[in-house]
Amino acid sequence: MNSSGVLTNAVNAAMVREAATRILPLAKRTPVLEAEIDGVRVFFKCENLQRGGSFKIRGASNLILSLTPEELDRGIVAFSSGNHAQGVALAARHVGAKATIVMPSDAPKSKVAATRAYGATIVMYDRMRENREEIARKLLGDTGATLVPPFDHPMIVAGQGTAALELLEDAPGIEALVTCLGGGGLTAGCALIAKDIKPAIRVFGAEPESGNDWFISLQKGERVEIPPPPTIADGLRTVLPGKVPFPILQELLEQVLLVTDDELRTAMHFLMETVKVVAEPSGAAATAGVLSGKVPAGFRQIGVVISGGNLDL
């Protein structure tokens, strides 16, 4: 156990491999596309083409498909700015469970509409004045439902890691892996399995310059909370690194790449024009880190996770 009070072995590579089998009924294997950036071959794991439009269904389905019939009967509660909400709603519908999702009032309308269309009940809140976890806890107390958090659960982290497992199967030559950093579940799961498969691989996380909770926290060696950041990357507006991902990334993450909103826009344009895919701002964060030259030089092949494509035009 480290200073964050969380067992560093709460998640391991074996759990990621188990998740890959468990989520087969729900999460599809997404394509890997290739482009060249400054002479480097970059392999894009297109989670924007995933069911629900993002990687989030991987973690959500891994946890929900592990619940007992009795737990499913009591329902599921989650909180999310949109992508995790859709993943939870899809997985809950698959198993016939009632899902209640706490979503911010400024969430993209397309994400709210999709979540509702998948059958979930939505509870709105003001992210500047209210705490989503407190609202979720009240719902849990009223119903006895199971909480499916967006990143702070071993089963969620393991499920998200399956994206890197597939990427390394399709592009085994990558020497570096870059993902976006919100709560840290995606990066932690991907780092665990990537380092297990290729111990020499180097792992980087990209987060908004104005939402630099991971950058500050890893420098200080403890989780540091920041105010809600004013960034276009709505999926990366977390204010505090997750308890479960934090010790994993303390050990396995080489560097946090801070990207500006302008760099996110440039990355979105690049992905549309060159890779021929649509990414939301959060989904383009890892690409922005590569395009802006913030990944150290010397790599011949880099793997990038395009985490989501739920863009509200």
# chains A, B, ... in the order shown; residues from 1 in each chain; ligands from 1

call {"tool": "select_by_dssp", "arguments": {"residues": "stretch 115-176 of chain A", "states": "strand (DSSP E)", "output": "list in words"}}
result
Thr121, Ile122, Val123, Met124, Tyr125, Thr146, Leu147 and Ala176 of chain A

call {"tool": "residues_around", "arguments": {"residues": "A:Ala191", "least_positions_apart": "5", "cutoff": "10 Å", "atoms": "only C-alpha atoms", "output": "PyMOL selection string"}}
result
chain A and resi 13+161+164-165+177-179+185-186+196-197+199+201-205+248-249+251-253

call {"tool": "write_last_selection", "arguments": {"atoms": "N, CA and C atoms", "output": "compact mmCIF listing (two decimals), in the first residue's frame"}}
result
# COMPACT_ATOMS: atom_id res chain seq x y z
N ALA A 13 -2.41 -7.27 -14.80
CA ALA A 13 -2.57 -7.62 -16.22
C ALA A 13 -3.50 -8.81 -16.42
N GLY A 161 -8.32 -1.29 -19.92
CA GLY A 161 -7.03 -1.76 -20.42
C GLY A 161 -7.13 -2.66 -21.63
N ALA A 164 -5.73 -1.30 -25.00
CA ALA A 164 -4.30 -1.44 -25.29
C ALA A 164 -3.93 -2.88 -25.62
N LEU A 165 -4.62 -3.83 -25.00
CA LEU A 165 -4.38 -5.24 -25.32
C LEU A 165 -4.63 -5.48 -26.80
N LEU A 177 3.16 4.44 -25.97
CA LEU A 177 1.70 4.44 -25.94
C LEU A 177 1.25 5.76 -25.33
N VAL A 178 0.30 6.43 -26.01
CA VAL A 178 -0.21 7.72 -25.53
C VAL A 178 -1.72 7.63 -25.41
N THR A 179 -2.24 7.98 -24.25
CA THR A 179 -3.69 8.00 -24.02
C THR A 179 -4.06 9.33 -23.37
N GLY A 185 -8.46 5.99 -15.42
CA GLY A 185 -8.77 4.58 -15.59
C GLY A 185 -8.25 4.00 -16.89
N LEU A 186 -8.44 4.73 -17.99
CA LEU A 186 -7.96 4.26 -19.29
C LEU A 186 -6.44 4.12 -19.30
N ASP A 196 3.10 -5.25 -19.26
CA ASP A 196 3.17 -6.70 -19.10
C ASP A 196 3.58 -7.37 -20.41
N ILE A 197 3.04 -6.86 -21.52
CA ILE A 197 3.35 -7.43 -22.83
C ILE A 197 4.74 -7.00 -23.30
N PRO A 199 7.71 -4.85 -21.58
CA PRO A 199 8.21 -4.09 -20.43
C PRO A 199 8.94 -2.81 -20.80
N ILE A 201 8.13 -0.72 -23.19
CA ILE A 201 7.28 0.31 -23.78
C ILE A 201 7.17 1.50 -22.83
N ARG A 202 7.09 2.70 -23.40
CA ARG A 202 7.00 3.92 -22.59
C ARG A 202 5.59 4.49 -22.72
N VAL A 203 5.02 4.90 -21.58
CA VAL A 203 3.61 5.29 -21.53
C VAL A 203 3.49 6.76 -21.16
N PHE A 204 2.66 7.47 -21.94
CA PHE A 204 2.44 8.90 -21.73
C PHE A 204 0.94 9.17 -21.63
N GLY A 205 0.57 10.16 -20.83
CA GLY A 205 -0.83 10.57 -20.72
C GLY A 205 -0.97 12.03 -21.08
N ILE A 248 -0.93 3.25 -9.68
CA ILE A 248 -0.50 2.55 -10.90
C ILE A 248 0.30 3.49 -11.78
N LEU A 249 -0.22 4.70 -11.97
CA LEU A 249 0.45 5.64 -12.85
C LEU A 249 1.65 6.30 -12.20
N GLU A 251 3.76 4.63 -10.78
CA GLU A 251 4.81 3.65 -11.10
C GLU A 251 5.08 3.52 -12.59
N LEU A 252 4.03 3.61 -13.42
CA LEU A 252 4.17 3.22 -14.82
C LEU A 252 4.14 4.37 -15.82
N LEU A 253 3.62 5.54 -15.45
CA LEU A 253 3.51 6.65 -16.39
C LEU A 253 4.81 7.43 -16.43

call {"tool": "closest_residue", "arguments": {"among": "A:Glu36, A:Glu169, A:Asp312, A:Asp142", "to": "A:Phe270", "atoms": "only C-alpha atoms"}}
result
A:Glu36

call {"tool": "closest_atom_pairs", "arguments": {"of": "stretch 139-216 of chain A", "to": "stretch 93-102 of chain A", "cutoff": "10 Å", "atoms": "only C-alpha atoms", "output": "JSON lines"}}
result
{"residue": "A:Leu139", "atom": "CA", "partner": "A:Thr100", "partner_atom": "CA", "distance": 8.5}
{"residue": "A:Leu140", "atom": "CA", "partner": "A:Thr100", "partner_atom": "CA", "distance": 9.8}
{"residue": "A:Ala145", "atom": "CA", "partner": "A:Ala99", "partner_atom": "CA", "distance": 9.0}
{"residue": "A:Thr146", "atom": "CA", "partner": "A:Ala99", "partner_atom": "CA", "distance": 9.6}
{"residue": "A:Leu147", "atom": "CA", "partner": "A:Thr100", "partner_atom": "CA", "distance": 9.7}
{"residue": "A:Val148", "atom": "CA", "partner": "A:Ile101", "partner_atom": "CA", "distance": 9.7}

call {"tool": "write_last_selection", "arguments": {"atoms": "N, CA and C atoms", "output": "PDB file, in the first residue's frame"}}
result
ATOM      1  N   LEU A 139     -28.626   8.525  -3.994  1.00  0.00           N
ATOM      2  CA  LEU A 139     -29.386   7.591  -4.817  1.00  0.00           C
ATOM      3  C   LEU A 139     -29.113   6.147  -4.396  1.00  0.00           C
ATOM      4  N   LEU A 140     -27.852   5.857  -4.089  1.00  0.00           N
ATOM      5  CA  LEU A 140     -27.491   4.508  -3.659  1.00  0.00           C
ATOM      6  C   LEU A 140     -28.184   4.164  -2.350  1.00  0.00           C
ATOM      7  N   ALA A 145     -28.820   0.325  -4.908  1.00  0.00           N
ATOM      8  CA  ALA A 145     -28.210   0.012  -6.202  1.00  0.00           C
ATOM      9  C   ALA A 145     -26.693  -0.105  -6.084  1.00  0.00           C
ATOM     10  N   THR A 146     -26.066  -0.581  -7.157  1.00  0.00           N
ATOM     11  CA  THR A 146     -24.607  -0.703  -7.235  1.00  0.00           C
ATOM     12  C   THR A 146     -24.039   0.496  -7.979  1.00  0.00           C
ATOM     13  N   LEU A 147     -22.999   1.106  -7.427  1.00  0.00           N
ATOM     14  CA  LEU A 147     -22.326   2.210  -8.094  1.00  0.00           C
ATOM     15  C   LEU A 147     -21.360   1.677  -9.146  1.00  0.00           C
ATOM     16  N   VAL A 148     -21.463   2.218 -10.352  1.00  0.00           N
ATOM     17  CA  VAL A 148     -20.515   1.903 -11.416  1.00  0.00           C
ATOM     18  C   VAL A 148     -19.771   3.204 -11.729  1.00  0.00           C
TER      19      VAL A 148
END

call {"tool": "residues_around", "arguments": {"residues": "A:Ser80", "least_positions_apart": "4", "cutoff": "6 Å", "atoms": "only C-alpha atoms", "output": "number ranges by chain"}}
result
A: 84-85, 103

call {"tool": "atom_distance", "arguments": {"atom1": "atom CA of A:Gln255", "atom2": "atom CA of A:Gly242"}}
result
17.0 Å

call {"tool": "residues_around", "arguments": {"residues": "A:Ala267", "least_positions_apart": "6", "cutoff": "8 Å", "atoms": "only C-alpha atoms", "output": "PDB file with N, CA and C atoms, in the first residue's frame"}}
result
ATOM      1  N   ALA A 284      -9.265  13.478 -28.805  1.00  0.00           N
ATOM      2  CA  ALA A 284      -8.114  13.906 -29.598  1.00  0.00           C
ATOM      3  C   ALA A 284      -6.919  14.311 -28.748  1.00  0.00           C
ATOM      4  N   ALA A 285      -7.030  14.211 -27.431  1.00  0.00           N
ATOM      5  CA  ALA A 285      -5.972  14.712 -26.547  1.00  0.00           C
ATOM      6  C   ALA A 285      -4.637  13.997 -26.759  1.00  0.00           C
ATOM      7  N   THR A 287      -3.634  12.439 -29.446  1.00  0.00           N
ATOM      8  CA  THR A 287      -3.129  12.859 -30.757  1.00  0.00           C
ATOM      9  C   THR A 287      -2.511  14.237 -30.658  1.00  0.00           C
ATOM     10  N   ALA A 288      -3.123  15.137 -29.892  1.00  0.00           N
ATOM     11  CA  ALA A 288      -2.588  16.486 -29.707  1.00  0.00           C
ATOM     12  C   ALA A 288      -1.204  16.443 -29.067  1.00  0.00           C
ATOM     13  N   LEU A 291       1.118  15.387 -32.006  1.00  0.00           N
ATOM     14  CA  LEU A 291       1.212  16.415 -33.048  1.00  0.00           C
ATOM     15  C   LEU A 291       1.989  17.640 -32.596  1.00  0.00           C
TER      16      LEU A 291
END

call {"tool": "closest_residue", "arguments": {"among": "A:Ala92, A:Lys198, A:Pro245, A:Ala19", "to": "A:Asp152", "atoms": "only C-alpha atoms"}}
result
A:Pro245

call {"tool": "closest_residue", "arguments": {"among": "A:Leu218, A:Leu72, A:Val256, A:Leu311", "to": "A:Val277", "atoms": "only C-alpha atoms"}}
result
A:Leu311

call {"tool": "select_by_dssp", "arguments": {"residues": "stretch 67-213 of chain A", "states": "helix (DSSP H, G or I)", "output": "compact mmCIF listing (two decimals) with N, CA and C atoms, in the first residue's frame"}}
result
# COMPACT_ATOMS: atom_id res chain seq x y z
N PRO A 69 -27.29 -11.59 -10.12
CA PRO A 69 -28.69 -11.25 -10.45
C PRO A 69 -29.36 -10.40 -9.37
N GLU A 70 -29.03 -10.66 -8.11
CA GLU A 70 -29.62 -9.89 -7.02
C GLU A 70 -29.15 -8.43 -7.08
N GLU A 71 -27.87 -8.22 -7.36
CA GLU A 71 -27.35 -6.86 -7.49
C GLU A 71 -27.98 -6.14 -8.68
N LEU A 72 -28.13 -6.84 -9.78
CA LEU A 72 -28.74 -6.23 -10.97
C LEU A 72 -30.20 -5.85 -10.71
N ASP A 73 -30.90 -6.65 -9.92
CA ASP A 73 -32.30 -6.35 -9.60
C ASP A 73 -32.43 -5.03 -8.84
N ARG A 74 -31.40 -4.68 -8.06
CA ARG A 74 -31.44 -3.43 -7.27
C ARG A 74 -31.06 -2.21 -8.10
N ASN A 83 -19.78 10.08 -21.81
CA ASN A 83 -19.33 8.85 -22.45
C ASN A 83 -19.52 7.63 -21.54
N HIS A 84 -19.14 7.77 -20.28
CA HIS A 84 -19.36 6.66 -19.33
C HIS A 84 -20.86 6.42 -19.15
N ALA A 85 -21.64 7.50 -19.18
CA ALA A 85 -23.09 7.37 -19.07
C ALA A 85 -23.64 6.48 -20.16
N GLN A 86 -23.17 6.67 -21.38
CA GLN A 86 -23.65 5.86 -22.49
C GLN A 86 -23.21 4.41 -22.36
N GLY A 87 -21.95 4.20 -21.92
CA GLY A 87 -21.48 2.84 -21.72
C GLY A 87 -22.27 2.10 -20.66
N VAL A 88 -22.56 2.78 -19.54
CA VAL A 88 -23.35 2.18 -18.46
C VAL A 88 -24.76 1.89 -18.94
N ALA A 89 -25.37 2.84 -19.64
CA ALA A 89 -26.74 2.66 -20.12
C ALA A 89 -26.84 1.47 -21.07
N LEU A 90 -25.87 1.34 -21.97
CA LEU A 90 -25.87 0.22 -22.91
C LEU A 90 -25.72 -1.11 -22.18
N ALA A 91 -24.76 -1.17 -21.25
CA ALA A 91 -24.52 -2.42 -20.52
C ALA A 91 -25.71 -2.78 -19.63
N ALA A 92 -26.31 -1.77 -18.99
CA ALA A 92 -27.47 -2.02 -18.13
C ALA A 92 -28.64 -2.54 -18.96
N ARG A 93 -28.86 -1.95 -20.12
CA ARG A 93 -29.94 -2.43 -20.99
C ARG A 93 -29.70 -3.88 -21.41
N HIS A 94 -28.44 -4.23 -21.67
CA HIS A 94 -28.09 -5.59 -22.09
C HIS A 94 -28.47 -6.62 -21.03
N VAL A 95 -28.27 -6.26 -19.76
CA VAL A 95 -28.55 -7.22 -18.68
C VAL A 95 -29.93 -7.00 -18.05
N LYS A 109 -25.38 18.02 -25.47
CA LYS A 109 -26.76 17.54 -25.65
C LYS A 109 -26.80 16.18 -26.34
N SER A 110 -25.85 15.94 -27.25
CA SER A 110 -25.84 14.66 -27.95
C SER A 110 -25.59 13.50 -27.00
N LYS A 111 -24.76 13.72 -25.97
CA LYS A 111 -24.46 12.66 -25.01
C LYS A 111 -25.65 12.41 -24.09
N VAL A 112 -26.32 13.49 -23.69
CA VAL A 112 -27.51 13.33 -22.86
C VAL A 112 -28.60 12.59 -23.62
N ALA A 113 -28.82 12.99 -24.87
CA ALA A 113 -29.86 12.37 -25.67
C ALA A 113 -29.59 10.89 -25.91
N ALA A 114 -28.31 10.55 -26.19
CA ALA A 114 -27.97 9.15 -26.44
C ALA A 114 -28.15 8.32 -25.18
N THR A 115 -27.74 8.85 -24.03
CA THR A 115 -27.88 8.12 -22.77
C THR A 115 -29.35 7.84 -22.48
N ARG A 116 -30.17 8.84 -22.68
CA ARG A 116 -31.61 8.67 -22.45
C ARG A 116 -32.20 7.65 -23.44
N ALA A 117 -31.71 7.70 -24.68
CA ALA A 117 -32.23 6.77 -25.70
C ALA A 117 -31.89 5.33 -25.37
N ARG A 132 -21.25 15.58 -7.68
CA ARG A 132 -21.95 14.45 -8.30
C ARG A 132 -21.86 13.19 -7.46
N GLU A 133 -20.76 13.02 -6.74
CA GLU A 133 -20.61 11.82 -5.93
C GLU A 133 -21.57 11.83 -4.75
N GLU A 134 -21.81 13.01 -4.18
CA GLU A 134 -22.77 13.11 -3.09
C GLU A 134 -24.18 12.78 -3.58
N ILE A 135 -24.53 13.27 -4.77
CA ILE A 135 -25.84 12.97 -5.34
C ILE A 135 -25.97 11.47 -5.59
N ALA A 136 -24.90 10.87 -6.13
CA ALA A 136 -24.93 9.43 -6.39
C ALA A 136 -25.06 8.63 -5.09
N ARG A 137 -24.36 9.07 -4.04
CA ARG A 137 -24.44 8.35 -2.76
C ARG A 137 -25.87 8.36 -2.21
N LYS A 138 -26.57 9.50 -2.37
CA LYS A 138 -27.96 9.57 -1.90
C LYS A 138 -28.84 8.59 -2.69
N LEU A 139 -28.63 8.52 -3.99
CA LEU A 139 -29.39 7.59 -4.82
C LEU A 139 -29.11 6.15 -4.40
N LEU A 140 -27.85 5.86 -4.09
CA LEU A 140 -27.49 4.51 -3.66
C LEU A 140 -28.18 4.16 -2.35
N GLY A 141 -28.20 5.14 -1.42
CA GLY A 141 -28.85 4.90 -0.13
C GLY A 141 -30.34 4.69 -0.26
N ASP A 142 -30.96 5.38 -1.22
CA ASP A 142 -32.40 5.26 -1.40
C ASP A 142 -32.81 3.94 -2.06
N THR A 143 -31.92 3.39 -2.91
CA THR A 143 -32.32 2.24 -3.73
C THR A 143 -31.57 0.95 -3.45
N PRO A 154 -11.35 -1.25 -9.59
CA PRO A 154 -10.44 -2.18 -10.28
C PRO A 154 -11.03 -2.80 -11.54
N MET A 155 -12.33 -3.15 -11.50
CA MET A 155 -12.95 -3.77 -12.67
C MET A 155 -13.08 -2.79 -13.83
N ILE A 156 -13.29 -1.52 -13.51
CA ILE A 156 -13.36 -0.49 -14.55
C ILE A 156 -11.99 -0.33 -15.19
N VAL A 157 -10.95 -0.20 -14.37
CA VAL A 157 -9.58 -0.04 -14.89
C VAL A 157 -9.19 -1.23 -15.76
N ALA A 158 -9.50 -2.43 -15.30
CA ALA A 158 -9.16 -3.63 -16.07
C ALA A 158 -9.88 -3.64 -17.41
N GLY A 159 -11.15 -3.26 -17.40
CA GLY A 159 -11.90 -3.23 -18.65
C GLY A 159 -11.33 -2.23 -19.65
N GLN A 160 -10.97 -1.05 -19.15
CA GLN A 160 -10.41 -0.04 -20.06
C GLN A 160 -9.08 -0.51 -20.67
N GLY A 161 -8.32 -1.29 -19.92
CA GLY A 161 -7.03 -1.76 -20.42
C GLY A 161 -7.13 -2.66 -21.63
N THR A 162 -8.32 -3.21 -21.89
CA THR A 162 -8.46 -4.09 -23.06
C THR A 162 -8.23 -3.34 -24.37
N ALA A 163 -8.37 -2.01 -24.37
CA ALA A 163 -8.10 -1.23 -25.58
C ALA A 163 -6.62 -1.37 -25.97
N ALA A 164 -5.73 -1.30 -25.00
CA ALA A 164 -4.30 -1.44 -25.29
C ALA A 164 -3.93 -2.88 -25.62
N LEU A 165 -4.62 -3.83 -25.00
CA LEU A 165 -4.38 -5.24 -25.32
C LEU A 165 -4.63 -5.48 -26.80
N GLU A 166 -5.75 -4.99 -27.32
CA GLU A 166 -6.06 -5.14 -28.73
C GLU A 166 -5.08 -4.36 -29.61
N LEU A 167 -4.73 -3.15 -29.18
CA LEU A 167 -3.81 -2.32 -29.97
C LEU A 167 -2.46 -3.01 -30.15
N LEU A 168 -1.96 -3.61 -29.08
CA LEU A 168 -0.65 -4.27 -29.16
C LEU A 168 -0.71 -5.57 -29.95
N GLU A 169 -1.88 -6.19 -30.00
CA GLU A 169 -2.03 -7.36 -30.87
C GLU A 169 -2.00 -6.95 -32.34
N ASP A 170 -2.58 -5.79 -32.64
CA ASP A 170 -2.65 -5.33 -34.03
C ASP A 170 -1.41 -4.55 -34.47
N GLY A 185 -8.46 5.99 -15.42
CA GLY A 185 -8.77 4.58 -15.59
C GLY A 185 -8.25 4.00 -16.89
N LEU A 186 -8.44 4.73 -17.99
CA LEU A 186 -7.96 4.26 -19.29
C LEU A 186 -6.44 4.12 -19.30
N THR A 187 -5.76 5.17 -18.89
CA THR A 187 -4.29 5.15 -18.92
C THR A 187 -3.73 4.08 -17.99
N ALA A 188 -4.31 3.92 -16.81
CA ALA A 188 -3.81 2.92 -15.85
C ALA A 188 -4.00 1.51 -16.39
N GLY A 189 -5.19 1.21 -16.91
CA GLY A 189 -5.43 -0.12 -17.45
C GLY A 189 -4.54 -0.41 -18.64
N CYS A 190 -4.40 0.57 -19.52
CA CYS A 190 -3.56 0.39 -20.70
C CYS A 190 -2.09 0.24 -20.32
N ALA A 191 -1.64 1.02 -19.35
CA ALA A 191 -0.25 0.93 -18.92
C ALA A 191 0.05 -0.44 -18.32
N LEU A 192 -0.88 -0.97 -17.52
CA LEU A 192 -0.66 -2.28 -16.89
C LEU A 192 -0.45 -3.38 -17.92
N ILE A 193 -1.34 -3.45 -18.90
CA ILE A 193 -1.25 -4.54 -19.87
C ILE A 193 -0.10 -4.30 -20.85
N ALA A 194 0.13 -3.03 -21.22
CA ALA A 194 1.21 -2.72 -22.16
C ALA A 194 2.56 -3.08 -21.56
N LYS A 195 2.78 -2.74 -20.31
CA LYS A 195 4.05 -3.04 -19.65
C LYS A 195 4.22 -4.54 -19.42
N ASP A 196 3.10 -5.25 -19.26
CA ASP A 196 3.17 -6.70 -19.10
C ASP A 196 3.58 -7.37 -20.41
N ILE A 197 3.04 -6.86 -21.52
CA ILE A 197 3.35 -7.43 -22.83
C ILE A 197 4.74 -7.00 -23.30
N ASP A 213 -4.62 18.38 -13.12
CA ASP A 213 -4.60 17.73 -11.81
C ASP A 213 -3.60 16.57 -11.76

call {"tool": "atom_distance", "arguments": {"atom1": "atom CA of A:Val295", "atom2": "atom CA of A:Leu257"}}
result
7.4 Å
